[in-house]
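Visitor: Please find target_22.tsv (TSV, C-alpha atoms) on the next line:
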chain	number	residue	atom	x	y	z
A	1376	MET	CA	-6.63	1.16	-2.17
A	1377	GLY	CA	-3.95	3.09	-0.32
A	1378	ARG	CA	-1.54	1.95	2.37
A	1379	ILE	CA	0.65	3.89	4.78
A	1380	THR	CA	4.20	3.68	3.49
A	1381	GLU	CA	7.41	5.43	4.41
A	1382	ASP	CA	7.40	7.23	1.08
A	1383	LEU	CA	3.86	8.50	1.67
A	1384	ILE	CA	4.81	9.89	5.07
A	1385	ARG	CA	7.97	11.55	3.73
A	1386	ARG	CA	6.01	13.20	0.91
A	1387	ASN	CA	3.70	14.69	3.54
A	1388	ALA	CA	6.57	15.76	5.80
A	1389	GLU	CA	8.01	18.52	3.62
A	1390	HIS	CA	7.49	21.04	6.42
A	1391	ASN	CA	9.94	18.96	8.47
A	1392	ASP	CA	12.52	18.55	5.67
A	1393	CYS	CA	11.08	15.06	4.99
A	1394	ILE	CA	12.47	13.83	8.32
A	1395	ILE	CA	9.89	11.50	9.83
A	1396	PHE	CA	11.35	10.38	13.19
A	1397	SER	CA	11.02	13.90	14.66
A	1398	LEU	CA	7.72	14.69	12.95
A	1399	GLU	CA	5.15	16.37	15.23
A	1400	GLU	CA	2.30	16.91	12.77
A	1401	LEU	CA	1.19	14.60	9.95
A	1402	SER	CA	-1.71	14.86	7.51
A	1403	LEU	CA	-2.75	11.73	5.59
A	1404	HIS	CA	-6.33	12.63	4.72
A	1405	GLN	CA	-8.06	11.47	1.51
A	1406	GLN	CA	-5.51	8.75	0.73
A	1407	GLU	CA	-7.96	5.80	0.59
A	1408	ILE	CA	-6.10	4.21	3.52
A	1409	GLU	CA	-7.76	1.04	4.80
A	1410	ARG	CA	-5.50	0.17	7.69
A	1411	LEU	CA	-3.72	2.21	10.35
A	1412	GLU	CA	-0.15	0.90	10.53
A	1413	HIS	CA	3.57	1.77	10.94
A	1414	ILE	CA	2.97	5.28	12.31
A	1415	ASP	CA	3.61	4.28	15.94
A	1416	LYS	CA	7.04	2.92	14.91
A	1417	TRP	CA	8.21	5.65	12.55
A	1418	CYS	CA	6.72	8.84	14.07
A	1419	ARG	CA	6.70	8.48	17.86
A	1420	ASP	CA	6.93	12.24	18.46
A	1421	LEU	CA	3.63	12.98	16.74
A	1422	LYS	CA	1.36	15.49	18.47
A	1423	ILE	CA	-1.23	16.01	15.72
A	1424	LEU	CA	-2.41	13.31	13.32
A	1425	TYR	CA	-4.98	13.90	10.54
A	1426	LEU	CA	-6.48	10.74	9.04
A	1427	GLN	CA	-9.93	11.97	8.04
A	1428	ASN	CA	-11.77	10.87	4.91
A	1429	ASN	CA	-10.15	7.45	4.49
A	1430	LEU	CA	-11.41	3.87	4.74
A	1431	ILE	CA	-9.88	2.90	8.09
A	1432	GLY	CA	-12.04	0.22	9.73
A	1433	LYS	CA	-10.24	-0.15	13.06
A	1434	ILE	CA	-8.26	2.01	15.49
A	1435	GLU	CA	-4.93	0.23	15.95
A	1436	ASN	CA	-1.15	0.68	16.06
A	1437	VAL	CA	-1.26	4.08	17.78
A	1438	SER	CA	-0.74	3.01	21.40
A	1439	LYS	CA	2.96	4.01	21.35
A	1440	LEU	CA	2.19	7.61	20.43
A	1441	LYS	CA	2.57	8.92	23.97
A	1442	LYS	CA	2.81	12.57	22.89
A	1443	LEU	CA	-0.25	12.51	20.63
A	1444	GLU	CA	-2.62	15.33	21.55
A	1445	TYR	CA	-5.08	15.50	18.64
A	1446	LEU	CA	-6.30	12.56	16.54
A	1447	ASN	CA	-8.72	13.16	13.66
A	1448	LEU	CA	-10.37	10.00	12.30
A	1449	ALA	CA	-13.52	11.61	10.90
A	1450	LEU	CA	-15.19	10.09	7.82
A	1451	ASN	CA	-13.82	6.57	8.14
A	1452	ASN	CA	-15.30	3.09	8.65
A	1453	ILE	CA	-14.65	2.75	12.40
A	1454	GLU	CA	-17.29	0.80	14.33
A	1455	LYS	CA	-15.72	0.68	17.78
A	1456	ILE	CA	-13.54	2.88	20.00
A	1457	GLU	CA	-10.47	0.90	21.07
A	1458	ASN	CA	-6.67	0.76	21.44
A	1459	LEU	CA	-6.26	4.39	22.54
A	1460	GLU	CA	-5.27	3.71	26.15
A	1461	GLY	CA	-1.56	4.19	25.36
A	1462	CYS	CA	-2.10	7.72	23.99
A	1463	GLU	CA	-1.48	9.33	27.38
A	1464	GLY	CA	-1.40	12.92	26.13
A	1465	LEU	CA	-4.59	12.74	24.02
A	1466	THR	CA	-6.75	15.85	24.59
A	1467	LYS	CA	-8.95	15.89	21.47
A	1468	LEU	CA	-10.48	13.01	19.52
A	1469	ASP	CA	-12.59	13.49	16.39
A	1470	LEU	CA	-14.64	10.47	15.23
A	1471	THR	CA	-17.28	12.40	13.29
A	1472	VAL	CA	-19.30	10.45	10.68
A	1473	ASN	CA	-18.09	6.93	11.32
A	1474	PHE	CA	-20.10	3.78	12.06
A	1475	ILE	CA	-19.73	3.52	15.83
A	1476	GLY	CA	-22.74	1.61	17.16
A	1477	GLU	CA	-21.14	0.15	20.28
A	1478	LEU	CA	-21.54	3.20	22.47
A	1479	SER	CA	-20.29	1.29	25.50
A	1480	SER	CA	-16.84	1.26	23.86
A	1481	VAL	CA	-16.38	4.88	25.01
A	1482	LYS	CA	-15.48	3.40	28.39
A	1483	THR	CA	-12.02	2.59	26.97
A	1484	LEU	CA	-11.39	6.36	26.93
A	1485	GLN	CA	-11.59	6.56	30.72
A	1486	HIS	CA	-7.84	5.88	30.78
A	1487	ASN	CA	-7.19	9.02	28.73
A	1488	ILE	CA	-7.35	11.38	31.69
A	1489	HIS	CA	-6.34	14.44	29.64
A	1490	LEU	CA	-9.13	13.99	27.06
A	1491	LYS	CA	-11.16	17.23	26.94
A	1492	GLU	CA	-12.96	17.16	23.59
A	1493	LEU	CA	-14.78	14.31	21.85
A	1494	PHE	CA	-16.72	14.39	18.58
A	1495	LEU	CA	-19.12	11.55	17.75
A	1496	MET	CA	-21.60	13.38	15.51
A	1497	GLY	CA	-22.87	11.41	12.51
A	1498	ASN	CA	-22.42	7.99	14.16
A	1499	PRO	CA	-25.31	5.54	14.66
A	1500	CYS	CA	-24.82	5.69	18.44
A	1501	THR	CA	-25.82	9.36	18.52
A	1502	ASP	CA	-29.37	8.30	17.62
A	1503	PHE	CA	-29.67	6.23	20.80
A	1504	ASP	CA	-31.95	7.57	23.50
A	1505	GLY	CA	-29.78	8.78	26.38
A	1506	TYR	CA	-26.62	8.98	24.20
A	1507	ARG	CA	-25.34	12.29	25.58
A	1508	GLN	CA	-26.15	11.47	29.20
A	1509	PHE	CA	-24.32	8.15	28.92
A	1510	VAL	CA	-21.13	9.70	27.48
A	1511	VAL	CA	-21.14	12.62	29.94
A	1512	ALA	CA	-21.51	10.27	32.91
A	1513	THR	CA	-18.97	7.74	31.58
A	1514	LEU	CA	-16.20	10.20	30.66
A	1515	GLN	CA	-16.10	12.62	33.57
A	1516	GLN	CA	-12.85	14.23	32.32
A	1517	LEU	CA	-14.61	15.57	29.19
A	1518	LYS	CA	-15.26	19.32	28.88
A	1519	TRP	CA	-16.80	19.37	25.40
A	1520	LEU	CA	-18.95	16.78	23.56
A	1521	ASP	CA	-19.82	17.27	19.89
A	1522	GLY	CA	-18.78	20.91	20.10
A	1523	LYS	CA	-21.06	21.66	23.02
A	1524	GLU	CA	-19.69	22.46	26.46
A	1525	ILE	CA	-20.67	20.11	29.29
A	1526	GLU	CA	-22.17	22.06	32.18
A	1527	ARG	CA	-21.65	20.98	35.79
A	1528	SER	CA	-25.39	20.59	36.30
A	1529	GLU	CA	-25.63	18.38	33.19
A	1530	ARG	CA	-22.96	16.05	34.53
A	1531	ILE	CA	-24.64	15.79	37.95
A	1532	GLN	CA	-27.97	14.90	36.30
A	1533	ALA	CA	-26.30	12.37	34.00
A	1534	LEU	CA	-24.63	10.64	36.95
A	1535	GLN	CA	-27.93	10.41	38.77
A	1536	ASP	CA	-29.71	8.85	35.78
A	1537	PHE	CA	-26.78	6.68	34.73
A	1538	PRO	CA	-28.12	3.21	35.87
A	1539	ALA	CA	-31.34	3.56	33.91
A	1540	VAL	CA	-29.63	5.17	30.92
A	1541	GLU	CA	-26.99	2.43	30.82
A	1542	GLN	CA	-29.62	-0.29	30.68
A	1543	GLN	CA	-31.42	1.57	27.91
A	1544	ILE	CA	-28.21	1.99	25.93
A	1545	ARG	CA	-27.40	-1.73	26.20
A	1546	GLU	CA	-30.76	-2.70	24.73
A	1547	GLN	CA	-30.42	-0.30	21.81
A	1548	GLU	CA	-26.85	-1.41	21.29
A	1549	LYS	CA	-27.91	-5.05	21.14
A	1550	ALA	CA	-30.59	-4.31	18.54
A	1551	TYR	CA	-28.12	-2.33	16.45
A	1552	CYS	CA	-25.53	-5.13	16.56
A	1553	LEU	CA	-28.11	-7.65	15.30
A	1554	LYS	CA	-29.02	-5.32	12.46
A	1555	ARG	CA	-25.36	-4.79	11.56
A	1556	ALA	CA	-24.77	-8.53	11.46
A	1557	LYS	CA	-27.58	-8.90	8.92
A	1558	ASP	CA	-26.19	-6.03	6.85
A	1559	LYS	CA	-22.75	-7.65	6.82
A	1560	GLU	CA	-24.19	-10.99	5.68
A	1561	GLU	CA	-26.15	-9.28	2.91
A	1562	ALA	CA	-23.08	-7.33	1.77
A	1563	GLN	CA	-20.96	-10.51	1.79
A	1564	ARG	CA	-23.56	-12.38	-0.24
A	1565	LYS	CA	-23.79	-9.57	-2.75
A	1566	LEU	CA	-20.01	-9.41	-3.09
A	1567	GLN	CA	-19.81	-13.16	-3.74
A	1568	GLU	CA	-22.51	-12.89	-6.41
A	1569	GLU	CA	-20.63	-10.10	-8.16
A	1570	GLU	CA	-17.39	-12.08	-8.06
A	1571	SER	CA	-19.03	-15.21	-9.47
A	1572	GLU	CA	-20.72	-13.15	-12.21
A	1573	GLY	CA	-17.38	-11.58	-13.09
A	1574	GLU	CA	-15.77	-15.02	-13.33
A	1575	ARG	CA	-18.50	-16.21	-15.70
A	1576	GLU	CA	-18.03	-13.15	-17.92
A	1577	GLY	CA	-14.27	-13.71	-17.87
A	1578	ARG	CA	-14.69	-17.28	-19.15
A	1579	HIS	CA	-16.99	-16.32	-22.04
A	1580	THR	CA	-15.48	-13.04	-23.20
A	1581	GLY	CA	-12.12	-11.83	-24.41
A	1582	PHE	CA	-9.49	-10.07	-22.35
A	1583	ASP	CA	-11.19	-6.72	-23.01
A	1584	GLY	CA	-14.71	-7.92	-22.28
A	1585	ARG	CA	-15.90	-8.35	-25.91
A	1586	TRP	CA	-17.07	-11.50	-27.63
A	1587	TYR	CA	-14.85	-12.91	-30.36
A	1588	THR	CA	-15.55	-15.34	-33.20
A	1589	ASP	CA	-12.97	-17.05	-35.38
A	1590	ILE	CA	-14.14	-16.37	-38.93
A	1591	SER	CA	-10.81	-16.81	-40.68
A	1592	ALA	CA	-11.65	-20.41	-41.60
A	1593	THR	CA	-14.93	-19.46	-43.29
A	1594	LEU	CA	-13.64	-16.51	-45.34
A	1595	PRO	CA	-11.93	-17.01	-48.71
A	1596	SER	CA	-8.34	-15.89	-48.95
A	1597	SER	CA	-9.19	-13.16	-51.49
A	1598	GLU	CA	-11.19	-11.28	-48.86
A	1599	GLU	CA	-8.48	-11.23	-46.21
A	1600	SER	CA	-7.17	-7.81	-47.21
A	1601	LYS	CA	-10.69	-6.40	-47.19
A	1602	ASP	CA	-11.29	-7.74	-43.71
A	1603	ASP	CA	-8.05	-6.15	-42.52
A	1604	ILE	CA	-9.24	-2.78	-43.75
A	1605	GLN	CA	-12.60	-3.13	-42.00
A	1606	ALA	CA	-11.13	-4.37	-38.73
A	1607	PRO	CA	-10.48	-0.93	-37.20
A	1608	GLU	CA	-14.10	0.12	-37.85
A	1609	ILE	CA	-15.41	-3.02	-36.19
A	1610	GLN	CA	-13.09	-2.52	-33.24
A	1611	GLU	CA	-14.10	1.12	-32.93
A	1612	GLY	CA	-17.76	0.12	-32.95
A	1613	GLY	CA	-17.07	-2.43	-30.22
A	1614	CYS	CA	-15.33	0.23	-28.13
A	1615	LYS	CA	-18.29	2.58	-28.53
A	1616	LYS	CA	-20.70	-0.18	-27.54
A	1617	LYS	CA	-18.60	-1.06	-24.50
A	1618	LYS	CA	-18.40	2.61	-23.50
A	1619	LEU	CA	-22.19	2.88	-23.77
A	1620	ASP	CA	-22.66	-0.23	-21.66
A	1621	ASN	CA	-20.24	1.10	-19.05
A	1622	GLY	CA	-22.16	4.39	-18.96
A	1623	GLU	CA	-25.44	2.55	-18.40
A	1624	ASP	CA	-23.90	0.42	-15.65
A	1625	ASP	CA	-22.46	3.52	-13.99
A	1626	LEU	CA	-25.81	5.31	-14.11
A	1627	GLU	CA	-27.57	2.25	-12.70
A	1628	PHE	CA	-25.05	1.99	-9.87
A	1629	TRP	CA	-25.45	5.59	-8.75
A	1630	ASN	CA	-29.27	5.51	-9.04
A	1631	LYS	CA	-29.56	2.28	-7.05
A	1632	PRO	CA	-30.67	2.91	-3.43
A	1633	SER	CA	-28.11	1.79	-0.87
A	1634	LEU	CA	-27.62	1.92	2.88
A	1635	TYR	CA	-24.76	3.99	4.28
A	1636	THR	CA	-22.52	1.29	5.73
A	1637	PRO	CA	-18.78	0.52	5.71
A	1638	GLU	CA	-19.48	-2.08	3.03
A	1639	SER	CA	-21.30	0.43	0.81
A	1640	ARG	CA	-18.38	2.87	1.09
A	1641	LEU	CA	-15.98	0.11	0.04
A	1642	GLU	CA	-18.32	-0.90	-2.78
A	1643	THR	CA	-18.42	2.70	-4.02
A	1644	LEU	CA	-14.65	2.89	-4.00
A	1645	ARG	CA	-14.33	-0.41	-5.87
A	1646	HIS	CA	-16.82	0.81	-8.46
A	1647	MET	CA	-14.94	4.08	-8.97
A	1648	GLU	CA	-11.65	2.16	-9.23
A	1649	LYS	CA	-13.19	-0.17	-11.83
A	1650	GLN	CA	-14.52	2.77	-13.82
A	1651	ARG	CA	-11.10	4.40	-13.77
A	1652	LYS	CA	-9.37	1.22	-15.01
A	1653	ASP	CA	-11.96	0.70	-17.75
A	1654	GLN	CA	-11.47	4.28	-18.86
A	1655	GLU	CA	-7.70	3.77	-19.01
A	1656	LYS	CA	-8.13	0.59	-21.08
A	1657	LEU	CA	-10.51	2.38	-23.44
A	1658	SER	CA	-8.12	5.29	-23.92
A	1659	GLU	CA	-5.27	2.87	-24.64
A	1660	LYS	CA	-7.33	1.15	-27.35
A	1661	LYS	CA	-8.10	4.50	-28.95
A	1662	LYS	CA	-4.41	5.14	-29.43
A	1663	LYS	CA	-4.00	3.81	-32.95
A	1664	VAL	CA	-0.63	2.58	-34.08
A	1665	LYS	CA	0.78	5.08	-36.56
A	1666	PRO	CA	1.36	3.39	-39.94
A	1667	PRO	CA	4.88	3.53	-41.36
A	1668	ARG	CA	5.63	6.54	-43.54
A	1669	VAL	CA	5.44	5.73	-47.27
A	1670	LEU	CA	7.37	8.12	-49.52
A	1671	ILE	CA	7.87	5.97	-52.62
A	1672	SER	CA	5.10	3.90	-54.17
A	1673	GLU	CA	5.57	0.29	-55.31
A	1674	ASN	CA	6.11	1.39	-58.92
A	1675	GLY	CA	8.85	3.81	-57.86
A	1676	ARG	CA	6.80	6.99	-58.11
A	1677	ALA	CA	7.49	9.63	-55.44
A	1678	LEU	CA	4.47	10.63	-53.35
A	1679	ASN	CA	3.61	14.08	-52.13
A	1680	VAL	CA	3.71	14.04	-48.31
A	1681	ASN	CA	3.17	17.12	-46.14
A	1682	GLU	CA	2.98	15.75	-42.61
A	1683	PRO	CA	3.52	19.02	-40.70
A	1684	LYS	CA	0.86	20.73	-42.87
A	1685	LEU	CA	3.21	23.55	-43.86
A	1686	ASP	CA	2.15	26.04	-46.52
A	1687	PHE	CA	4.27	25.93	-49.64
A	1688	SER	CA	4.31	27.07	-53.23
A	1689	LEU	CA	6.11	25.62	-56.24
A	1690	ARG	CA	6.52	27.94	-59.21
A	1691	ASP	CA	8.42	27.89	-62.49
A	1692	ASP	CA	10.88	30.79	-62.79
A	1693	GLU	CA	11.15	31.13	-66.57
A	1694	LYS	CA	13.61	34.01	-66.37
A	1695	ARG	CA	16.19	31.85	-64.61
A	1696	ASN	CA	14.98	28.55	-66.01
A	1697	GLN	CA	14.44	27.00	-62.58
A	1698	LEU	CA	11.75	25.69	-60.27
A	1699	VAL	CA	11.35	27.60	-57.00
A	1700	LEU	CA	9.94	25.92	-53.90
A	1701	ASP	CA	8.85	28.37	-51.20
A	1702	LEU	CA	8.21	26.44	-47.98
A	1703	ALA	CA	6.70	28.29	-45.01
A	1704	VAL	CA	8.76	26.71	-42.25
A	1705	TYR	CA	8.44	28.03	-38.72
A	1706	ARG	CA	9.97	31.48	-38.40
A	1707	TYR	CA	12.06	30.85	-35.29
A	1708	MET	CA	13.04	27.31	-36.18
A	1709	ASP	CA	16.78	26.70	-36.21
A	1710	THR	CA	18.06	26.24	-39.76
A	1711	SER	CA	20.24	23.34	-38.62
A	1712	LEU	CA	17.05	21.36	-38.05
A	1713	ILE	CA	16.13	21.56	-41.74
A	1714	ASP	CA	17.64	19.11	-44.21
A	1715	VAL	CA	17.15	19.60	-47.96
A	1716	ASP	CA	17.76	16.73	-50.39
A	1717	VAL	CA	17.24	17.56	-54.08
A	1718	GLN	CA	16.89	14.60	-56.45
A	1719	PRO	CA	16.31	14.61	-60.24
A	1720	THR	CA	12.56	14.00	-59.92
A	1721	TYR	CA	11.71	15.16	-56.41
A	1722	VAL	CA	12.93	17.24	-53.49
A	1723	ARG	CA	12.87	16.08	-49.90
A	1724	VAL	CA	12.80	18.68	-47.11
A	1725	MET	CA	13.29	17.03	-43.77
A	1726	VAL	CA	10.91	19.29	-41.97
A	1727	LYS	CA	8.40	16.51	-42.38
A	1728	GLY	CA	8.29	15.03	-45.86
A	1729	LYS	CA	9.17	15.55	-49.52
A	1730	LEU	CA	7.61	17.20	-52.55
A	1731	VAL	CA	7.31	15.76	-56.08
A	1732	LEU	CA	8.68	18.09	-58.79
A	1733	PRO	CA	6.94	18.63	-62.14
A	1734	ALA	CA	10.27	18.61	-64.04
A	1735	GLU	CA	13.73	17.14	-63.66
A	1736	VAL	CA	16.24	19.46	-61.97
A	1737	LYS	CA	19.98	19.59	-61.29
A	1738	PRO	CA	20.66	18.64	-57.66
A	1739	ASP	CA	24.30	19.81	-57.77
A	1740	SER	CA	23.33	23.32	-58.91
A	1741	SER	CA	20.45	23.75	-56.44
A	1742	SER	CA	20.59	26.08	-53.45
A	1743	ALA	CA	18.45	26.75	-50.37
A	1744	LYS	CA	18.01	30.02	-48.46
A	1745	ARG	CA	15.94	31.26	-45.54
A	1746	ALA	CA	13.98	34.52	-45.78
A	1747	GLN	CA	15.07	36.83	-42.95
A	1748	THR	CA	11.64	38.45	-42.55
A	1749	THR	CA	9.23	35.51	-42.77
A	1750	GLY	CA	11.56	32.60	-42.07
A	1751	HIS	CA	10.38	30.82	-45.23
A	1752	LEU	CA	12.72	28.34	-46.81
A	1753	VAL	CA	13.31	29.05	-50.53
A	1754	VAL	CA	14.93	26.31	-52.63
A	1755	TYR	CA	16.29	27.17	-56.11
A	1756	MET	CA	16.54	24.15	-58.45
A	1757	PRO	CA	17.80	24.66	-62.03
A	1758	LYS	CA	16.08	22.46	-64.60
A	1759	VAL	CA	17.98	19.82	-66.56
A	1760	GLY	CA	18.87	20.73	-70.17
A	1761	GLU	CA	18.41	24.48	-69.71
A	1762	ILE	CA	20.93	27.28	-69.21
A	1763	ILE	CA	20.55	29.80	-66.41
A	1764	THR	CA	20.60	33.34	-67.79
A	1765	GLY	CA	20.51	36.76	-66.20
A	1766	CYS	CA	17.49	38.58	-64.90
A	1767	GLN	CA	16.78	40.32	-68.26
A	1768	GLY	CA	14.99	38.41	-70.96
A	1769	THR	CA	13.56	34.97	-70.96
A	1770	SER	CA	15.37	31.70	-70.76
A	1771	LYS	CA	15.24	29.25	-73.61
A	1772	PRO	CA	16.71	25.80	-74.04
A	1773	VAL	CA	20.11	26.16	-75.74
A	1774	LYS	CA	22.37	23.40	-76.88
A	1775	SER	CA	25.78	23.91	-75.35
A	1776	THR	CA	28.83	23.61	-77.70
A	1777	PRO	CA	32.56	24.04	-76.93
A	1778	ASP	CA	32.83	27.23	-79.12
A	1779	SER	CA	29.80	28.87	-77.61
A	1780	SER	CA	30.99	28.10	-74.11
A	1781	ARG	CA	34.44	29.61	-74.88
A	1782	GLU	CA	32.75	32.73	-76.31
A	1783	GLN	CA	30.62	33.17	-73.21
A	1784	ARG	CA	33.65	32.81	-70.92
A	1785	ASN	CA	35.56	35.48	-72.91
A	1786	LYS	CA	32.62	37.89	-72.72
A	1787	SER	CA	32.31	37.34	-69.03
A	1788	TYR	CA	36.06	37.96	-68.54
A	1789	SER	CA	35.91	41.17	-70.61
A	1790	SER	CA	32.99	42.54	-68.58
A	1791	ARG	CA	34.85	41.91	-65.32
A	1792	CYS	CA	38.00	43.64	-66.60
A	1793	GLN	CA	36.05	46.73	-67.58
Show this structure as structure tokens.

Guide:
Amino acid sequence: MGRITEDLIRRNAEHNDCIIFSLEELSLHQQEIERLEHIDKWCRDLKILYLQNNLIGKIENVSKLKKLEYLNLALNNIEKIENLEGCEGLTKLDLTVNFIGELSSVKTLQHNIHLKELFLMGNPCTDFDGYRQFVVATLQQLKWLDGKEIERSERIQALQDFPAVEQQIREQEKAYCLKRAKDKEEAQRKLQEEESEGEREGRHTGFDGRWYTDISATLPSSEESKDDIQAPEIQEGGCKKKKLDNGEDDLEFWNKPSLYTPESRLETLRHMEKQRKDQEKLSEKKKKVKPPRVLISENGRALNVNEPKLDFSLRDDEKRNQLVLDLAVYRYMDTSLIDVDVQPTYVRVMVKGKLVLPAEVKPDSSSAKRAQTTGHLVVYMPKVGEIITGCQGTSKPVKSTPDSSREQRNKSYSSRCQ
């Protein structure tokens, strides 16, 4: 349910730099407004005011709008024309599709001497016999009624027949008022029944509308873990059942025949609001809490985790005696966002997880590079206990001795000197 607030008016006053005191035109249509308030204090310079398609039940708090020329209150819940005497400059009034049954209330518009156009189409009073003649004779300043121009001959005829037409209108008005009183009582009774039914359901069900049973006392302790695993499935089934019930209730509501009254419009809005809230609650329940990330099992074994679902390959480069991890990270991803941690038994790439290695490697001798063409991340990890050789030949495990190491260093120095 909406209300007229200063923030709402400012948001609809962008054409006036959000300044409301000098505002001349304001549109507040389709805001679910139930009461007309504050506008006569904040926007006294208004000339055009759009309030169509709301839930306003009474014309009020507009008497200080002396400069108001056009007031649109179509598609609301208004049942009587009133409180417009202060709108001295009013020339056009639109009350299309409301619930005005007191046709005699148009007499209050006799003080609006500048009123030229009036729209009452879609109101119960337009079904009264003699409706047009009564309005034409009552409001002699009018030039147009329901979009049709009032001819001089039509006004003369309406004035001549006015006494008889007025008596006829009063009788029809009285019958309509009695009928409306019954409709209001029926709507009030129905609303009370729904509220009492809701209270009963609230006492017997949980906070989300489902029934709950405490079974912890009847289950053995050995089955507690099993119950915890099955709980999400049970909850999901309950959500599906509740969603199905809500769908059936919604279908029943829209298929149920109903009179077009102010109460039925409010009931429809309440139903739509309830459906929206139920949908929000259901969507919140569907959001499962993400379990904590587990990278190491209880027995200390590293687990393979590939959360971002990146393609990768892990191969054994026998020529260089090393394991090569080729990880297809995103091509345009900044390298600073990638963190590589090589451990003796596994490698962790902080793109979104870590990868278990089939052999132990040397973390200190490992290196990581990005491919310039594909953006892949390539990690080179020498194996423990093996010597890295050149590209030619195959690599074999060799026991390292002080003499052999000195010989290799001398050969390397000789090749550089040459």

Visitor: Leaving out Leu1421 in chain A and any residue of its chain fewer than 4 positions from it, which residues lie within 6 Å of it when counting only C-alpha atoms, given as a list in words?

Guide: Leu1398, Glu1399, Glu1400 and Leu1443 of chain A

Visitor: Which neighbours of Ile1525 in chain A fall inside 10 Å, counting all atoms listed in the file, when residues of the same chain fewer than 6 positions from it are skipped, and could you give them as a count of residues only?

Guide: 6

Visitor: Could you check the closest approach to Lys1559 in chain A for each of A:Ile1544, A:Ala1533, A:Ser1639, A:Cys1500 and tell me which residue wins, using all atoms listed in the file?

Guide: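 Once distances to Lys1559 in chain A are computed over all atoms listed in the file, the minimum belongs to A:Ser1639.
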
Visitor: Do you know which residues lie at most 12 Å from (-0.8, 2.7, 24.4), with coordinates as in the file and only C-alpha atoms counted, and could you write them as a short mmCIF file (atom, residue, chain, number, x, y, z; two decimals) with C-alpha atoms, keeping the file's coordinate frame?

Guide:
data_model
loop_
_atom_site.label_atom_id
_atom_site.label_comp_id
_atom_site.auth_asym_id
_atom_site.auth_seq_id
_atom_site.Cartn_x
_atom_site.Cartn_y
_atom_site.Cartn_z
CA ASP A 1415 3.61 4.28 15.94
CA ARG A 1419 6.70 8.48 17.86
CA ILE A 1434 -8.26 2.01 15.49
CA GLU A 1435 -4.93 0.23 15.95
CA ASN A 1436 -1.15 0.68 16.06
CA VAL A 1437 -1.26 4.08 17.78
CA SER A 1438 -0.74 3.01 21.40
CA LYS A 1439 2.96 4.01 21.35
CA LEU A 1440 2.19 7.61 20.43
CA LYS A 1441 2.57 8.92 23.97
CA LYS A 1442 2.81 12.57 22.89
CA LEU A 1443 -0.25 12.51 20.63
CA GLU A 1457 -10.47 0.90 21.07
CA ASN A 1458 -6.67 0.76 21.44
CA LEU A 1459 -6.26 4.39 22.54
CA GLU A 1460 -5.27 3.71 26.15
CA GLY A 1461 -1.56 4.19 25.36
CA CYS A 1462 -2.10 7.72 23.99
CA GLU A 1463 -1.48 9.33 27.38
CA GLY A 1464 -1.40 12.92 26.13
CA LEU A 1465 -4.59 12.74 24.02
CA THR A 1483 -12.02 2.59 26.97
CA LEU A 1484 -11.39 6.36 26.93
CA HIS A 1486 -7.84 5.88 30.78
CA ASN A 1487 -7.19 9.02 28.73
#

Visitor: Extract, using only C-alpha atoms, all DNA, RNA and protein residues at most 8 Å from Glu1735 in chain A, discarding same-chain residues fewer than 5 positions from it, and format them as a PyMOL selection string.

Guide: chain A and resi 1719-1721+1758-1759

Visitor: Those residues with C-alpha atoms, as an mmCIF file, in the frame of the given file please?

Guide:
data_model
loop_
_atom_site.group_PDB
_atom_site.id
_atom_site.type_symbol
_atom_site.label_atom_id
_atom_site.label_comp_id
_atom_site.auth_asym_id
_atom_site.auth_seq_id
_atom_site.Cartn_x
_atom_site.Cartn_y
_atom_site.Cartn_z
ATOM 1 C CA PRO A 1719 16.310 14.610 -60.240
ATOM 2 C CA THR A 1720 12.560 14.000 -59.920
ATOM 3 C CA TYR A 1721 11.710 15.160 -56.410
ATOM 4 C CA LYS A 1758 16.080 22.460 -64.600
ATOM 5 C CA VAL A 1759 17.980 19.820 -66.560
#

Visitor: In Å, with one decimal, what is the gap from CA of Glu1693 in chain A to CA of Ile1713 in chain A?

Guide: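 Spanning CA of Glu1693 in chain A to CA of Ile1713 in chain A is a straight-line distance of 27.1 Å.
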
Visitor: In terms of the shortest atom-to-atom distance over only C-alpha atoms, which of A:Arg1545, A:Lys1467, A:Arg1564, A:Arg1651 is closest to Ser1480 in chain A?

Guide: A:Arg1545
